[in-house]
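S.K.: See coords-v5.cif below, with mmCIF, C-alpha atoms.
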data_structure
loop_
_atom_site.group_PDB
_atom_site.id
_atom_site.type_symbol
_atom_site.label_atom_id
_atom_site.label_comp_id
_atom_site.auth_asym_id
_atom_site.auth_seq_id
_atom_site.Cartn_x
_atom_site.Cartn_y
_atom_site.Cartn_z
ATOM 1 C CA MET A 1 -54.817 -42.700 134.863
ATOM 2 C CA ASN A 2 -57.034 -41.597 137.762
ATOM 3 C CA HIS A 3 -58.474 -38.147 138.092
ATOM 4 C CA PRO A 4 -55.898 -35.699 139.399
ATOM 5 C CA ASP A 5 -55.883 -34.619 143.018
ATOM 6 C CA VAL A 6 -56.454 -30.899 142.599
ATOM 7 C CA PHE A 7 -55.816 -30.170 146.258
ATOM 8 C CA ARG A 8 -52.245 -31.403 146.450
ATOM 9 C CA ASP A 9 -49.230 -31.316 144.169
ATOM 10 C CA PRO A 10 -48.539 -34.728 142.620
ATOM 11 C CA PRO A 11 -45.276 -36.426 143.565
ATOM 12 C CA ARG A 12 -42.353 -35.474 141.366
ATOM 13 C CA ASP A 13 -41.728 -37.793 138.438
ATOM 14 C CA PRO A 14 -37.918 -38.220 138.331
ATOM 15 C CA GLU A 15 -38.050 -40.412 135.239
ATOM 16 C CA LEU A 16 -40.032 -37.904 133.252
ATOM 17 C CA ALA A 17 -37.889 -35.085 134.589
ATOM 18 C CA ALA A 18 -34.756 -36.911 133.425
ATOM 19 C CA VAL A 19 -36.164 -37.307 129.936
ATOM 20 C CA LEU A 20 -37.231 -33.673 129.801
ATOM 21 C CA ARG A 21 -33.833 -32.617 131.046
ATOM 22 C CA GLU A 22 -32.232 -34.605 128.207
ATOM 23 C CA VAL A 23 -34.273 -32.636 125.728
ATOM 24 C CA ASP A 24 -33.500 -29.291 127.346
ATOM 25 C CA ALA A 25 -29.935 -30.015 128.340
ATOM 26 C CA ALA A 26 -28.569 -26.974 126.524
ATOM 27 C CA ALA A 27 -30.552 -24.296 128.322
ATOM 28 C CA PRO A 28 -28.618 -23.547 131.518
ATOM 29 C CA ASP A 29 -25.207 -23.956 129.931
ATOM 30 C CA ARG A 30 -25.827 -21.295 127.310
ATOM 31 C CA LEU A 31 -26.288 -18.459 129.747
ATOM 32 C CA ASP A 32 -23.455 -15.958 130.076
ATOM 33 C CA ALA A 33 -24.770 -14.307 133.227
ATOM 34 C CA GLY A 34 -22.150 -11.548 133.348
ATOM 35 C CA ARG A 35 -22.800 -10.422 129.796
ATOM 36 C CA LEU A 36 -26.586 -10.526 130.204
ATOM 37 C CA ARG A 37 -26.397 -8.593 133.473
ATOM 38 C CA ALA A 38 -24.299 -5.866 131.790
ATOM 39 C CA ALA A 39 -26.813 -5.679 128.938
ATOM 40 C CA VAL A 40 -29.726 -5.320 131.380
ATOM 41 C CA LEU A 41 -27.976 -2.560 133.346
ATOM 42 C CA ALA A 42 -27.064 -0.664 130.179
ATOM 43 C CA ARG A 43 -30.643 -0.758 128.895
ATOM 44 C CA ALA A 44 -32.059 0.204 132.294
ATOM 45 C CA GLU A 45 -29.771 3.217 132.863
ATOM 46 C CA PRO A 46 -31.989 5.857 131.130
ATOM 47 C CA ALA A 47 -35.015 4.769 133.182
ATOM 48 C CA LEU A 48 -32.951 4.776 136.388
ATOM 49 C CA ALA A 49 -31.577 8.243 135.562
ATOM 50 C CA ALA A 50 -35.119 9.549 134.999
ATOM 51 C CA ARG A 51 -36.132 8.216 138.416
ATOM 52 C CA ARG A 52 -33.132 9.867 140.088
ATOM 53 C CA GLN A 53 -34.073 13.156 138.418
ATOM 54 C CA GLN A 54 -37.650 12.859 139.603
ATOM 55 C CA ALA A 55 -36.512 12.015 143.156
ATOM 56 C CA ARG A 56 -34.277 15.149 143.201
ATOM 57 C CA TRP A 57 -37.210 17.300 142.038
ATOM 58 C CA TRP A 58 -39.456 15.985 144.821
ATOM 59 C CA GLU A 59 -36.734 16.561 147.382
ATOM 60 C CA HIS A 60 -36.359 20.153 146.170
ATOM 61 C CA ALA A 61 -40.138 20.693 146.271
ATOM 62 C CA ALA A 62 -40.347 19.237 149.783
ATOM 63 C CA ARG A 63 -37.612 21.621 151.010
ATOM 64 C CA TRP A 64 -39.630 24.620 149.777
ATOM 65 C CA ALA A 65 -42.936 23.246 151.042
ATOM 66 C CA ARG A 66 -41.752 23.114 154.662
ATOM 67 C CA PRO A 67 -41.839 26.894 155.273
ATOM 68 C CA ALA A 68 -44.346 27.693 152.514
ATOM 69 C CA ILE A 69 -47.312 25.726 153.838
ATOM 70 C CA PRO A 70 -47.489 27.428 157.276
ATOM 71 C CA LEU A 71 -47.062 30.837 155.585
ATOM 72 C CA ALA A 72 -49.882 30.121 153.176
ATOM 73 C CA LEU A 73 -52.102 28.987 156.033
ATOM 74 C CA ALA A 74 -51.395 32.161 158.029
ATOM 75 C CA ALA A 75 -52.131 34.327 154.992
ATOM 76 C CA SER A 76 -55.442 32.502 154.432
ATOM 77 C CA LEU A 77 -56.502 33.044 158.027
ATOM 78 C CA ALA A 78 -55.578 36.739 157.873
ATOM 79 C CA LEU A 79 -57.563 37.192 154.678
ATOM 80 C CA ALA A 80 -60.563 35.394 156.146
ATOM 81 C CA TYR A 81 -60.423 37.694 159.206
ATOM 82 C CA LEU A 82 -60.257 40.833 157.088
ATOM 83 C CA VAL A 83 -63.135 39.767 154.863
ATOM 84 C CA GLY A 84 -65.238 38.795 157.872
ATOM 85 C CA ASN A 85 -64.775 42.186 159.550
ATOM 86 C CA THR A 86 -65.471 44.297 156.511
ATOM 87 C CA THR A 87 -68.726 46.325 157.052
ATOM 88 C CA LEU A 88 -71.336 46.163 154.327
ATOM 89 C CA PRO A 89 -72.491 49.404 152.636
ATOM 90 C CA THR A 90 -75.739 50.859 154.024
ATOM 91 C CA GLY A 91 -78.993 49.810 152.424
ATOM 92 C CA SER A 92 -77.806 46.399 151.469
ATOM 93 C CA ALA A 93 -79.573 44.699 154.397
ATOM 94 C CA PRO A 94 -82.408 45.799 156.637
ATOM 95 C CA GLU A 95 -81.339 47.275 159.941
ATOM 96 C CA THR A 96 -83.145 45.641 162.781
ATOM 97 C CA THR A 97 -83.422 46.881 166.373
ATOM 98 C CA ALA A 98 -85.454 45.584 169.294
ATOM 99 C CA ALA A 99 -87.874 48.469 168.908
ATOM 100 C CA SER A 100 -88.546 47.760 165.299
ATOM 101 C CA LEU A 101 -89.198 44.020 165.780
ATOM 102 C CA PRO A 102 -92.866 43.126 165.740
ATOM 103 C CA HIS A 103 -94.499 41.509 168.781
ATOM 104 C CA LEU A 104 -96.285 38.203 168.778
ATOM 105 C CA GLU A 105 -99.679 39.955 169.139
ATOM 106 C CA ASP A 106 -99.039 41.901 166.002
ATOM 107 C CA VAL A 107 -98.268 38.686 164.208
ATOM 108 C CA LEU A 108 -101.452 37.048 165.394
ATOM 109 C CA SER A 109 -103.736 40.041 165.036
ATOM 110 C CA SER A 110 -102.624 41.782 161.951
ATOM 111 C CA GLU A 111 -101.134 41.170 158.656
ATOM 112 C CA LEU A 112 -97.474 41.438 159.057
ATOM 113 C CA PRO A 113 -95.317 42.358 156.105
ATOM 114 C CA ASP A 114 -93.259 39.385 154.935
ATOM 115 C CA ALA A 115 -89.987 41.077 155.716
ATOM 116 C CA GLU A 116 -90.937 41.741 159.305
ATOM 117 C CA TYR A 117 -92.317 38.276 159.694
ATOM 118 C CA ARG A 118 -89.103 36.789 158.426
ATOM 119 C CA VAL A 119 -87.058 38.995 160.748
ATOM 120 C CA MET A 120 -89.188 37.988 163.678
ATOM 121 C CA VAL A 121 -88.964 34.276 163.126
ATOM 122 C CA SER A 122 -85.275 34.289 162.271
ATOM 123 C CA SER A 123 -83.915 36.835 164.757
ATOM 124 C CA GLU A 124 -81.793 35.080 167.365
ATOM 125 C CA GLY A 125 -81.875 38.112 169.704
ATOM 126 C CA GLU A 126 -85.604 37.933 170.036
ATOM 127 C CA THR A 127 -85.895 34.212 170.675
ATOM 128 C CA GLU A 128 -86.218 34.514 174.422
ATOM 129 C CA ALA A 129 -88.672 37.383 174.090
ATOM 130 C CA LEU A 130 -90.811 35.321 171.760
ATOM 131 C CA LEU A 131 -90.761 32.402 174.181
ATOM 132 C CA ARG A 132 -91.873 34.663 177.005
ATOM 133 C CA LEU A 133 -94.694 36.005 174.851
ATOM 134 C CA ALA A 134 -95.760 32.499 173.921
ATOM 135 C CA LEU A 135 -95.801 31.411 177.573
ATOM 136 C CA GLN A 136 -97.847 34.455 178.489
ATOM 137 C CA GLU A 137 -100.347 33.597 175.804
ATOM 138 C CA ILE A 138 -100.736 30.102 177.258
ATOM 139 C CA MET B 139 -37.148 -1.819 146.427
ATOM 140 C CA GLU B 140 -37.455 1.718 147.742
ATOM 141 C CA ARG B 141 -33.921 2.416 146.570
ATOM 142 C CA VAL B 142 -34.695 1.023 143.120
ATOM 143 C CA ARG B 143 -37.759 3.233 143.029
ATOM 144 C CA VAL B 144 -35.589 6.350 143.343
ATOM 145 C CA GLY B 145 -33.188 5.127 140.663
ATOM 146 C CA ASP B 146 -30.326 3.765 142.763
ATOM 147 C CA PRO B 147 -28.188 1.818 140.229
ATOM 148 C CA ASP B 148 -26.475 -0.329 142.869
ATOM 149 C CA ALA B 149 -29.806 -1.475 144.287
ATOM 150 C CA PHE B 150 -31.024 -2.337 140.791
ATOM 151 C CA ASP B 151 -27.788 -4.201 140.068
ATOM 152 C CA LEU B 152 -28.319 -6.299 143.189
ATOM 153 C CA LEU B 153 -31.862 -7.096 142.105
ATOM 154 C CA VAL B 154 -30.690 -8.146 138.658
ATOM 155 C CA THR B 155 -27.859 -10.286 140.012
ATOM 156 C CA ARG B 156 -30.214 -12.142 142.361
ATOM 157 C CA HIS B 157 -32.949 -12.872 139.859
ATOM 158 C CA LEU B 158 -31.287 -13.036 136.470
ATOM 159 C CA GLU B 159 -30.525 -16.734 136.206
ATOM 160 C CA ARG B 160 -33.940 -17.907 137.322
ATOM 161 C CA ALA B 161 -35.592 -15.427 134.980
ATOM 162 C CA TYR B 162 -33.485 -16.723 132.105
ATOM 163 C CA ARG B 163 -34.462 -20.328 132.800
ATOM 164 C CA ILE B 164 -38.155 -19.450 132.814
ATOM 165 C CA ALA B 165 -37.728 -17.409 129.646
ATOM 166 C CA PHE B 166 -35.966 -20.288 127.941
ATOM 167 C CA ARG B 167 -38.709 -22.714 128.929
ATOM 168 C CA LEU B 168 -41.240 -20.375 127.406
ATOM 169 C CA LEU B 169 -39.460 -19.485 124.207
ATOM 170 C CA GLY B 170 -37.116 -22.410 123.580
ATOM 171 C CA HIS B 171 -34.434 -20.171 122.116
ATOM 172 C CA HIS B 172 -31.378 -18.659 123.756
ATOM 173 C CA GLU B 173 -31.383 -15.194 122.171
ATOM 174 C CA ASP B 174 -35.141 -14.812 122.541
ATOM 175 C CA ALA B 175 -34.838 -15.777 126.183
ATOM 176 C CA GLU B 176 -32.117 -13.167 126.774
ATOM 177 C CA ASP B 177 -34.244 -10.479 125.117
ATOM 178 C CA LEU B 178 -37.184 -11.477 127.276
ATOM 179 C CA VAL B 179 -35.100 -11.228 130.446
ATOM 180 C CA GLN B 180 -33.928 -7.727 129.530
ATOM 181 C CA GLU B 181 -37.465 -6.585 128.713
ATOM 182 C CA SER B 182 -38.755 -8.036 131.955
ATOM 183 C CA PHE B 183 -36.266 -6.100 134.070
ATOM 184 C CA LEU B 184 -37.187 -2.920 132.195
ATOM 185 C CA ALA B 185 -40.835 -3.676 132.911
ATOM 186 C CA VAL B 186 -39.941 -3.875 136.607
ATOM 187 C CA LEU B 187 -38.747 -0.255 136.423
ATOM 188 C CA GLU B 188 -41.947 0.782 134.645
ATOM 189 C CA LYS B 189 -44.239 -0.953 137.101
ATOM 190 C CA ILE B 190 -42.302 -0.527 140.332
ATOM 191 C CA ASP B 191 -44.549 2.316 141.548
ATOM 192 C CA THR B 192 -47.445 -0.163 141.666
ATOM 193 C CA PHE B 193 -45.435 -2.760 143.612
ATOM 194 C CA GLN B 194 -46.676 -2.982 147.199
ATOM 195 C CA GLU B 195 -43.966 -2.819 149.837
ATOM 196 C CA GLY B 196 -43.832 -5.916 151.984
ATOM 197 C CA ARG B 197 -44.979 -8.135 149.154
ATOM 198 C CA ALA B 198 -42.633 -10.852 147.820
ATOM 199 C CA PHE B 199 -40.780 -9.637 144.746
ATOM 200 C CA THR B 200 -39.982 -13.017 143.163
ATOM 201 C CA PRO B 201 -43.501 -14.217 142.284
ATOM 202 C CA TRP B 202 -44.415 -10.725 141.043
ATOM 203 C CA PHE B 203 -41.335 -10.612 138.824
ATOM 204 C CA HIS B 204 -41.779 -14.150 137.536
ATOM 205 C CA ARG B 205 -45.341 -13.284 136.580
ATOM 206 C CA ILE B 206 -43.984 -10.406 134.486
ATOM 207 C CA VAL B 207 -41.554 -12.781 132.759
ATOM 208 C CA VAL B 208 -44.240 -15.387 132.080
ATOM 209 C CA ASN B 209 -46.808 -12.897 130.775
ATOM 210 C CA ARG B 210 -44.292 -11.271 128.466
ATOM 211 C CA GLY B 211 -43.024 -14.650 127.356
ATOM 212 C CA ILE B 212 -46.491 -15.838 126.445
ATOM 213 C CA ASN B 213 -47.101 -12.586 124.532
ATOM 214 C CA ALA B 214 -43.776 -12.956 122.756
ATOM 215 C CA ARG B 215 -44.672 -16.459 121.645
ATOM 216 C CA GLN B 216 -47.970 -15.296 120.301
ATOM 217 C CA SER B 217 -46.672 -12.260 118.461
ATOM 218 C CA ARG B 218 -43.542 -13.480 116.762
ATOM 219 C CA SER B 219 -42.532 -16.663 114.977
ATOM 220 C CA ILE B 220 -40.581 -18.851 117.314
ATOM 221 C CA ARG B 221 -37.259 -20.098 116.010
ATOM 222 C CA ARG B 222 -36.579 -23.767 116.386
ATOM 223 C CA THR B 223 -35.216 -24.839 119.762
ATOM 224 C CA ASP B 224 -31.434 -24.932 119.745
ATOM 225 C CA ALA B 225 -30.042 -28.307 118.874
ATOM 226 C CA ILE B 226 -28.366 -30.116 121.704
ATOM 227 C CA PRO B 227 -24.607 -29.640 121.398
ATOM 228 C CA GLU B 228 -22.838 -32.723 120.209
ATOM 229 C CA SER B 229 -20.628 -32.798 123.276
ATOM 230 C CA THR B 230 -23.598 -33.565 125.542
ATOM 231 C CA ALA B 231 -24.836 -36.438 123.440
ATOM 232 C CA GLY B 232 -22.851 -39.525 123.109
ATOM 233 C CA ALA B 233 -19.383 -39.422 124.495
ATOM 234 C CA GLY B 234 -18.642 -43.063 125.231
ATOM 235 C CA ILE B 235 -22.163 -44.193 124.270
ATOM 236 C CA LEU B 236 -22.636 -47.007 121.806
ATOM 237 C CA PRO B 237 -24.065 -45.995 118.441
ATOM 238 C CA ASP B 238 -27.244 -48.052 118.909
ATOM 239 C CA ARG B 239 -27.869 -46.533 122.308
ATOM 240 C CA GLU B 240 -27.229 -43.085 120.917
ATOM 241 C CA ALA B 241 -29.753 -43.738 118.195
ATOM 242 C CA GLU B 242 -32.314 -44.832 120.788
ATOM 243 C CA LEU B 243 -31.679 -41.726 122.902
ATOM 244 C CA GLY B 244 -31.985 -39.624 119.787
ATOM 245 C CA GLU B 245 -35.342 -41.202 119.036
ATOM 246 C CA VAL B 246 -36.540 -40.636 122.622
ATOM 247 C CA ARG B 247 -35.467 -36.999 122.476
ATOM 248 C CA GLU B 248 -37.180 -36.431 119.160
ATOM 249 C CA ARG B 249 -40.399 -38.040 120.328
ATOM 250 C CA VAL B 250 -40.415 -36.107 123.596
ATOM 251 C CA GLU B 251 -39.582 -32.844 121.839
ATOM 252 C CA GLU B 252 -42.412 -33.488 119.412
ATOM 253 C CA ALA B 253 -44.790 -34.344 122.262
ATOM 254 C CA LEU B 254 -43.811 -31.158 124.109
ATOM 255 C CA ARG B 255 -44.401 -29.091 120.990
ATOM 256 C CA THR B 256 -47.876 -30.520 120.517
ATOM 257 C CA LEU B 257 -48.893 -29.926 124.125
ATOM 258 C CA PRO B 258 -51.108 -26.880 124.698
ATOM 259 C CA GLU B 259 -48.856 -24.043 125.752
ATOM 260 C CA ARG B 260 -50.109 -23.848 129.331
ATOM 261 C CA GLN B 261 -49.522 -27.557 129.872
ATOM 262 C CA ARG B 262 -46.037 -27.354 128.441
ATOM 263 C CA VAL B 263 -45.086 -24.356 130.568
ATOM 264 C CA VAL B 264 -46.573 -25.885 133.716
ATOM 265 C CA THR B 265 -44.724 -29.156 133.136
ATOM 266 C CA GLN B 266 -41.394 -27.510 132.550
ATOM 267 C CA LEU B 267 -41.736 -25.208 135.543
ATOM 268 C CA PHE B 268 -42.784 -28.098 137.790
ATOM 269 C CA GLU B 269 -40.582 -30.934 136.563
ATOM 270 C CA LEU B 270 -37.488 -29.042 135.481
ATOM 271 C CA GLU B 271 -37.413 -25.870 137.555
ATOM 272 C CA GLY B 272 -38.832 -27.367 140.724
ATOM 273 C CA TYR B 273 -41.556 -24.789 141.348
ATOM 274 C CA SER B 274 -44.521 -25.867 143.421
ATOM 275 C CA GLY B 275 -48.089 -25.849 142.130
ATOM 276 C CA ALA B 276 -48.846 -22.763 144.217
ATOM 277 C CA GLU B 277 -45.833 -20.848 142.836
ATOM 278 C CA ILE B 278 -46.742 -21.738 139.263
ATOM 279 C CA ALA B 279 -50.342 -20.699 139.921
ATOM 280 C CA GLU B 280 -49.176 -17.293 141.088
ATOM 281 C CA MET B 281 -46.920 -16.843 138.047
ATOM 282 C CA LEU B 282 -49.594 -17.802 135.556
ATOM 283 C CA GLU B 283 -52.459 -16.200 137.482
ATOM 284 C CA ILE B 284 -54.479 -19.388 137.551
ATOM 285 C CA SER B 285 -55.652 -21.509 140.462
ATOM 286 C CA PRO B 286 -53.410 -24.224 141.959
ATOM 287 C CA GLY B 287 -56.094 -26.766 141.058
ATOM 288 C CA THR B 288 -55.850 -25.739 137.413
ATOM 289 C CA VAL B 289 -52.065 -26.075 137.548
ATOM 290 C CA ARG B 290 -52.391 -29.612 138.864
ATOM 291 C CA TRP B 291 -54.914 -30.474 136.187
ATOM 292 C CA HIS B 292 -52.580 -29.170 133.448
ATOM 293 C CA LEU B 293 -49.744 -31.178 134.948
ATOM 294 C CA HIS B 294 -51.858 -34.310 135.036
ATOM 295 C CA GLU B 295 -52.885 -33.924 131.386
ATOM 296 C CA ALA B 296 -49.336 -33.162 130.234
ATOM 297 C CA ARG B 297 -47.906 -36.157 132.066
ATOM 298 C CA ARG B 298 -50.543 -38.391 130.540
ATOM 299 C CA ALA B 299 -49.665 -37.175 127.034
ATOM 300 C CA LEU B 300 -45.918 -37.516 127.590
ATOM 301 C CA ARG B 301 -46.276 -40.959 129.148
ATOM 302 C CA GLU B 302 -48.203 -42.108 126.100
ATOM 303 C CA VAL B 303 -45.139 -41.171 124.016
ATOM 304 C CA LEU B 304 -42.592 -42.663 126.393
ATOM 305 C CA GLU B 305 -44.215 -45.988 127.213
ATOM 306 C CA PRO B 306 -43.855 -47.526 123.750
ATOM 307 C CA LEU B 307 -40.195 -46.474 123.732
ATOM 308 C CA GLU B 308 -39.654 -48.061 127.138
ATOM 309 C CA ARG B 309 -41.323 -51.299 126.021
ATOM 310 C CA LYS B 310 -39.112 -51.329 122.943
ATOM 311 C CA GLU B 311 -36.077 -50.900 125.137
ATOM 312 C CA GLU B 312 -37.040 -53.854 127.314
ATOM 313 C CA ARG B 313 -37.186 -56.270 124.405
#
Please, can you express the file's structure as structure tokens?
M.R.:
Amino acid sequence: MNHPDVFRDPPRDPELAAVLREVDAAAPDRLDAGRLRAAVLARAEPALAARRQQARWWEHAARWARPAIPLALAASLALAYLVGNTTLPTGSAPETTAASLPHLEDVLSSELPDAEYRVMVSSEGETEALLRLALQEI
Amino acid sequence: MERVRVGDPDAFDLLVTRHLERAYRIAFRLLGHHEDAEDLVQESFLAVLEKIDTFQEGRAFTPWFHRIVVNRGINARQSRSIRRTDAIPESTAGAGILPDREAELGEVRERVEEALRTLPERQRVVTQLFELEGYSGAEIAEMLEISPGTVRWHLHEARRALREVLEPLERKEER
């Protein structure tokens, strides 16, 4: 026999099929479909009942989630607002004013304490002033 | 399938009714025994309920289900001793057939049965699904999770082995 064509199904062999059918003639006739169907449904009922139970639970949870999620979100926002507006106790952070900020000349000419240096380079309020100073220096 | 997923018994009943007979035929081809085949069909439908959450909507159910039946059938064959295939009922063999002819048919059946039993399992299953159940190479490939080319190769090898058994019987008949 030649090598098989692996890209296409071979033609059906009715003679071989007839012989095979002779051998397996009993198979389809033995099936009592009604009885087997009843047996399947009976065995499947506990699993189906468990799924119905689970579906009811999810439905119940979804009903509660509808109002609960917006409420939780509103509460989170309110809490975030309150925490953000709470003033810190005195002494916990250095108070900085325009008068107390060092000038660029001081930075260049003298040794500036680290804290002041850090305040100077990180202070947003003084950015423009620093730029002006730098331009003047140029 | 969505209704089966939430445990709707009527939806499941419809699924069973549609697919039961085909599943039984595949199971019988795999196991060669009526009661074993029925057990396999029941277990396969239960497996559908276990695995249904992983079933993708829009996908065809039949090949997915048949793959479950085939995989479980192959496992069943490997794990338990297989009872002998049911004998063909007397009523199907020989009404109105001459005794000599009946003896010849009996010999053909025995030789073919023996040849089927000695085939590697994959070849036997592929042959039965193709020749007897009418599945295409692509459908069988999907059930057995092998390539269509491999299915065709198995079919080729099985036919060659079965033809070797049948040809001497045919020549004998012609004399």
S.K.: Write out as a list in words the residues lying within 8 Å of stretch 303-307 of chain B, counting all atoms listed in the file and excluding same-chain residues fewer than 6 positions away.
M.R.: Val246, Arg249, Val250 and Ala253 of chain B
S.K.: Taking all atoms listed in the file into account, which residues of chain B are within 8 Å of chain A, as a short mmCIF file (atom, residue, chain, number, x, y, z; two decimals) with C-alpha atoms, in the coordinates of the input?
M.R.:
data_model
loop_
_atom_site.label_atom_id
_atom_site.label_comp_id
_atom_site.auth_asym_id
_atom_site.auth_seq_id
_atom_site.Cartn_x
_atom_site.Cartn_y
_atom_site.Cartn_z
CA VAL B 142 -34.70 1.02 143.12
CA ARG B 143 -37.76 3.23 143.03
CA VAL B 144 -35.59 6.35 143.34
CA GLY B 145 -33.19 5.13 140.66
CA ASP B 146 -30.33 3.76 142.76
CA PRO B 147 -28.19 1.82 140.23
CA ASP B 151 -27.79 -4.20 140.07
CA VAL B 154 -30.69 -8.15 138.66
CA THR B 155 -27.86 -10.29 140.01
CA LEU B 158 -31.29 -13.04 136.47
CA GLU B 159 -30.52 -16.73 136.21
CA TYR B 162 -33.48 -16.72 132.10
CA ARG B 163 -34.46 -20.33 132.80
CA PHE B 166 -35.97 -20.29 127.94
CA HIS B 172 -31.38 -18.66 123.76
CA GLU B 176 -32.12 -13.17 126.77
CA GLN B 180 -33.93 -7.73 129.53
CA PHE B 183 -36.27 -6.10 134.07
CA LEU B 184 -37.19 -2.92 132.20
CA LEU B 187 -38.75 -0.26 136.42
CA ASP B 224 -31.43 -24.93 119.74
CA ALA B 225 -30.04 -28.31 118.87
CA ILE B 226 -28.37 -30.12 121.70
CA PRO B 227 -24.61 -29.64 121.40
CA THR B 230 -23.60 -33.56 125.54
CA ARG B 247 -35.47 -37.00 122.48
CA VAL B 250 -40.42 -36.11 123.60
CA GLU B 251 -39.58 -32.84 121.84
CA GLN B 266 -41.39 -27.51 132.55
CA GLU B 269 -40.58 -30.93 136.56
CA LEU B 270 -37.49 -29.04 135.48
CA SER B 274 -44.52 -25.87 143.42
CA GLY B 275 -48.09 -25.85 142.13
CA PRO B 286 -53.41 -24.22 141.96
CA GLY B 287 -56.09 -26.77 141.06
CA THR B 288 -55.85 -25.74 137.41
CA ARG B 290 -52.39 -29.61 138.86
CA TRP B 291 -54.91 -30.47 136.19
CA HIS B 294 -51.86 -34.31 135.04
CA ARG B 298 -50.54 -38.39 130.54
#
S.K.: Quote the spacing between atom CA of B:Asp191 and atom CA of B:Arg205 in Å to one decimal place.
M.R.: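 Answer for the atom CA of B:Asp191 to atom CA of B:Arg205 separation: 16.4 Å.
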S.K.: Could you tell me how far atom CA of B:His292 lies from atom CA of B:Ile278, in Å and to one decimal?
M.R.: 11.1 Å
S.K.: Mind giving me the straight-line distance from atom CA of B:Arg255 to atom CA of B:Ala214 in Å, one decimal?
M.R.: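 Interatomic distance, atom CA of B:Arg255 to atom CA of B:Ala214: 16.2 Å.
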S.K.: Find the spatial neighbours of B:Leu169, counting only C-alpha atoms, within a cut-off of 8 Å - ignore same-chain residues fewer than 6 positions away - and output them as a ChimeraX atom specification.
M.R.: /B:175,211,214-215,220
S.K.: I need the chosen residues saved as a PDB file, in the coordinates of the input, with C-alpha atoms.
M.R.:
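again.pdb was written with the following content:
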ATOM      1  CA  ALA B 175     -34.838 -15.777 126.183  1.00  0.00           C
ATOM      2  CA  GLY B 211     -43.024 -14.650 127.356  1.00  0.00           C
ATOM      3  CA  ALA B 214     -43.776 -12.956 122.756  1.00  0.00           C
ATOM      4  CA  ARG B 215     -44.672 -16.459 121.645  1.00  0.00           C
ATOM      5  CA  ILE B 220     -40.581 -18.851 117.314  1.00  0.00           C
TER       6      ILE B 220
END
S.K.: For stretch 252-256 of chain B, I'd like the enclosing box, axis-aligned and padded by 8 Å on every side, reported as JSON with centre and edge lengths in Å to one decimal.
M.R.:
{"center_x": -45.1, "center_y": -31.7, "center_z": 121.8, "size_x": 21.5, "size_y": 21.3, "size_z": 20.7}
